[in-house]
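A short worksheet on the structure shown next.
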Amino acid sequence: MKSNMIIPVVYSIVIAACSKTDNDKDTTDTPGSKTGIVSGVVTDNKNLPVKDARITIEHTVWYNSYLFASSNNEGRYQVSLPQDPAGDWTAKAQLTKTAYGQTYKFDLEPDKTDAFNKAAGAVRNFKWKLSGQRPGGTGYYGAHVDLYQFGADVDMTKIKLLFTPYPGETNLIDGTTAVSFERTVEDVAGTFMVKDVPIGKYIIKAVYAGKKLLLNNRHEDDNNEESKTVVFGKNGYLGETEYNIEFYITE
């Protein structure tokens with residue numbers, strides 16, 4: 001539990017992108033950590049560097065004790081840890097991207113989640129992932145499609161959603177190639193959904209044996225149609241980096 005007895009000074013350090021010579025490399029060039037320094041590299045699923053990720057170093061005890069950095073053109077960052085407050089720190093990273101008329105904020109996957117201190121320093125690397133389970137089983141990096149039964153006499157968990165890349169949008173938000181796929185609808189705590197979908201722009205269709213199913217966007221005044229465009233956003237009460245789209249399903 002974090003102490004709220006004292007509110008210390010906020011420590012803010014933004015590391016500007018810069019080139020380094022062979023004699024001036026940061027600790028991400030070596031496997032070990034350096035005293036008083038936390039550093040690392042941010043990459044995508046192709047192991048390419050990710051620029052402008054926001055790294056937050058947070059004290060484990062004192063509220064409002066943060067240090068900030070941004071990844072440079074090589075995906076690297078470095079932060080000097082202060083003498084005061086003493087104790088342990090943790091690191092996290094986020095990336096903001098705009099696409100499909102929406103702005104998205106992504107939590108990046110850390111290679112380690114344990115705390116560190118000034119005496120030992122640390123190397124903490126991050127990866128931008130569009131799908132997969134988050135550390136500790138706290139949800140998924142992908143978005144979800146939520147379905148609400150509206151006049152359809154079907155077993156919702158036997159519906160399959162077919163995803164096809166939207167014409168002209170052949171890449172996902174991270175630049176990787178979008179592909180067609182299908183998923184079975186699941187009952188997740190009373191909500192029927194397809195979860196952990198990489199953010200991109202899709203056309204979807206609901207398939208059920210012996211039935212013709214129609215979709216209707218819950219938040220737009222549109223028609224019941226066999227196929228619908230998917231652009232993920234925020235509908236309902238979602239976390240800061242969670243995205244979805246909601247459809248009524250009928251016959």
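Residue names in the structure tokens use chain letters A, B, ... in the order shown, residue numbers from 1 in each chain, and ligand numbers from 1 in the order shown.
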Exercise for the section: Give the helix (DSSP H, G or I) residues of range 74-211 of chain A, as DSSP finds them on the backbone, and put them as a VMD selection string. Expected result: chain A and resid 135 to 137 156 to 158
For the residues in that selection, give me N, CA and C atoms as an mmCIF file, in the first residue's frame.
```
data_model
loop_
_atom_site.group_PDB
_atom_site.id
_atom_site.type_symbol
_atom_site.label_atom_id
_atom_site.label_comp_id
_atom_site.auth_asym_id
_atom_site.auth_seq_id
_atom_site.Cartn_x
_atom_site.Cartn_y
_atom_site.Cartn_z
ATOM 1 N N PRO A 135 0.227 -9.280 -18.620
ATOM 2 C CA PRO A 135 0.867 -9.921 -17.464
ATOM 3 C C PRO A 135 -0.097 -10.059 -16.293
ATOM 4 N N GLY A 136 -0.022 -11.184 -15.620
ATOM 5 C CA GLY A 136 -0.879 -11.402 -14.462
ATOM 6 C C GLY A 136 -2.305 -11.766 -14.804
ATOM 7 N N GLY A 137 -2.581 -12.054 -16.087
ATOM 8 C CA GLY A 137 -3.940 -12.429 -16.475
ATOM 9 C C GLY A 137 -4.950 -11.315 -16.353
ATOM 10 N N MET A 156 -26.014 -18.015 -28.496
ATOM 11 C CA MET A 156 -25.013 -17.002 -28.831
ATOM 12 C C MET A 156 -23.603 -17.573 -28.893
ATOM 13 N N THR A 157 -23.318 -18.596 -28.093
ATOM 14 C CA THR A 157 -21.970 -19.160 -28.056
ATOM 15 C C THR A 157 -21.679 -20.080 -29.240
ATOM 16 N N LYS A 158 -22.665 -20.237 -30.138
ATOM 17 C CA LYS A 158 -22.439 -21.017 -31.352
ATOM 18 C C LYS A 158 -22.350 -20.131 -32.593
#
```
Handout entry: Close residues, Gly101 in chain A itself excluded, 10 Å, only C-alpha atoms, min 4 positions apart in chain, as a PyMOL selection string
Key = chain A and resi 231-233
Practice task
Tell me, as an MDAnalysis selection string, which residues lie within 9 Å of range 217-225 of chain A, counting only C-alpha atoms; anything in the same chain fewer than 3 positions away does not count.
Solution key: chainID A and resid 148 205 213:214 228 235 245:251
Residues as selected, N, CA and C atoms, written as a compact mmCIF listing (two decimals), in the first residue's frame, can you do that?
```txt
# COMPACT_ATOMS: atom_id res chain seq x y z
N TYR A 148 -25.18 -8.26 -28.60
CA TYR A 148 -26.36 -8.24 -27.76
C TYR A 148 -27.53 -8.82 -28.55
N LYS A 205 -18.96 -10.47 -40.34
CA LYS A 205 -20.22 -11.15 -40.64
C LYS A 205 -20.44 -12.21 -39.57
N LEU A 213 -28.14 -14.29 -39.99
CA LEU A 213 -28.06 -13.30 -38.92
C LEU A 213 -27.70 -11.92 -39.45
N LEU A 214 -28.28 -10.91 -38.81
CA LEU A 214 -28.05 -9.53 -39.19
C LEU A 214 -27.43 -8.78 -38.02
N LYS A 228 -20.91 -5.78 -41.47
CA LYS A 228 -20.74 -4.45 -40.88
C LYS A 228 -19.25 -4.09 -40.80
N ASN A 235 -16.92 2.16 -25.99
CA ASN A 235 -18.36 2.09 -25.78
C ASN A 235 -18.61 1.44 -24.42
N ILE A 245 -16.31 -2.54 -29.88
CA ILE A 245 -17.44 -2.10 -30.70
C ILE A 245 -18.61 -3.00 -30.35
N GLU A 246 -19.83 -2.47 -30.38
CA GLU A 246 -21.01 -3.21 -29.92
C GLU A 246 -22.04 -3.32 -31.04
N PHE A 247 -22.58 -4.53 -31.20
CA PHE A 247 -23.61 -4.78 -32.21
C PHE A 247 -24.82 -5.49 -31.58
N TYR A 248 -26.01 -5.09 -32.03
CA TYR A 248 -27.19 -5.94 -31.84
C TYR A 248 -27.14 -7.03 -32.89
N ILE A 249 -27.62 -8.22 -32.51
CA ILE A 249 -27.69 -9.32 -33.48
C ILE A 249 -29.12 -9.80 -33.56
N THR A 250 -29.64 -9.89 -34.78
CA THR A 250 -31.02 -10.27 -35.01
C THR A 250 -31.10 -11.17 -36.24
N GLU A 251 -32.32 -11.62 -36.52
CA GLU A 251 -32.52 -12.46 -37.72
C GLU A 251 -33.21 -11.66 -38.81
```
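Among the candidates A:Lys105, A:Lys195, A:Arg183, A:Lys51, the residue lying nearest to Phe163 in chain A is A:Arg183 (atoms considered: only C-alpha atoms).
Residues of range 31-60 of chain A that DSSP, applied to the backbone, places in strand (DSSP E): A:Ile37, A:Val38, A:Ser39, A:Gly40, A:Val41, A:Val42, A:Thr43, A:Arg54, A:Ile55, A:Thr56, A:Ile57, A:Glu58, A:His59.
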Dump of N, CA and C atoms for the selected residues, as a short mmCIF file (atom, residue, chain, number, x, y, z; two decimals), in the first residue's frame:
```
data_model
loop_
_atom_site.label_atom_id
_atom_site.label_comp_id
_atom_site.auth_asym_id
_atom_site.auth_seq_id
_atom_site.Cartn_x
_atom_site.Cartn_y
_atom_site.Cartn_z
N ILE A 37 20.66 4.08 -12.87
CA ILE A 37 20.07 4.26 -14.20
C ILE A 37 19.05 3.16 -14.47
N VAL A 38 17.89 3.54 -15.04
CA VAL A 38 16.99 2.57 -15.65
C VAL A 38 16.93 2.90 -17.13
N SER A 39 17.10 1.88 -17.97
CA SER A 39 17.16 2.09 -19.41
C SER A 39 16.54 0.90 -20.11
N GLY A 40 16.37 1.03 -21.40
CA GLY A 40 15.81 -0.08 -22.15
C GLY A 40 15.53 0.29 -23.58
N VAL A 41 14.87 -0.61 -24.29
CA VAL A 41 14.52 -0.40 -25.69
C VAL A 41 13.08 -0.84 -25.91
N VAL A 42 12.39 -0.12 -26.77
CA VAL A 42 10.99 -0.39 -27.11
C VAL A 42 10.93 -0.87 -28.54
N THR A 43 10.30 -2.03 -28.77
CA THR A 43 10.21 -2.61 -30.11
C THR A 43 8.78 -3.05 -30.41
N ARG A 54 5.99 6.49 -24.36
CA ARG A 54 6.13 7.23 -23.09
C ARG A 54 6.41 6.24 -21.97
N ILE A 55 7.56 6.37 -21.36
CA ILE A 55 7.95 5.49 -20.26
C ILE A 55 7.72 6.23 -18.95
N THR A 56 7.07 5.56 -18.01
CA THR A 56 6.79 6.14 -16.70
C THR A 56 7.48 5.30 -15.63
N ILE A 57 8.34 5.93 -14.86
CA ILE A 57 9.01 5.28 -13.74
C ILE A 57 8.29 5.77 -12.47
N GLU A 58 7.70 4.85 -11.72
CA GLU A 58 6.85 5.22 -10.59
C GLU A 58 7.40 4.62 -9.29
N HIS A 59 7.41 5.44 -8.24
CA HIS A 59 7.85 4.96 -6.93
C HIS A 59 6.79 4.02 -6.35
#
```
Interface rows for range 58-105 of chain A against range 45-48 of chain A: nearest pair, Å to one decimal, 12 Å, only C-alpha atoms, as a tab-separated table:
```
residue	atom	partner	partner_atom	distance
A:Asn73	CA	A:Leu48	CA	10.4
A:Glu74	CA	A:Leu48	CA	8.5
A:Gly75	CA	A:Leu48	CA	8.1
A:Arg76	CA	A:Leu48	CA	11.3
```
Write out, as a short mmCIF file (atom, residue, chain, number, x, y, z; two decimals), in the first residue's frame, the residues just selected, with N, CA and C atoms.
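result_29.cif, written as the output of this step:
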```cif
data_model
loop_
_atom_site.label_atom_id
_atom_site.label_comp_id
_atom_site.auth_asym_id
_atom_site.auth_seq_id
_atom_site.Cartn_x
_atom_site.Cartn_y
_atom_site.Cartn_z
N ASN A 73 14.64 7.54 -31.76
CA ASN A 73 14.50 6.91 -33.07
C ASN A 73 14.93 5.45 -33.07
N GLU A 74 15.81 5.10 -32.16
CA GLU A 74 16.27 3.71 -32.05
C GLU A 74 15.45 2.90 -31.04
N GLY A 75 14.40 3.52 -30.52
CA GLY A 75 13.56 2.86 -29.54
C GLY A 75 14.13 2.87 -28.14
N ARG A 76 15.22 3.61 -27.93
CA ARG A 76 15.92 3.58 -26.65
C ARG A 76 15.49 4.73 -25.74
#
```
Handout entry: For Arg134 in chain A, the nearest of the candidates A:Thr241, A:Thr60, A:Asn171, A:Asn117, counting only C-alpha atoms
Key = A:Thr241
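CA of Asp84 in chain A sits 12.4 Å away from CA of Ala119 in chain A.
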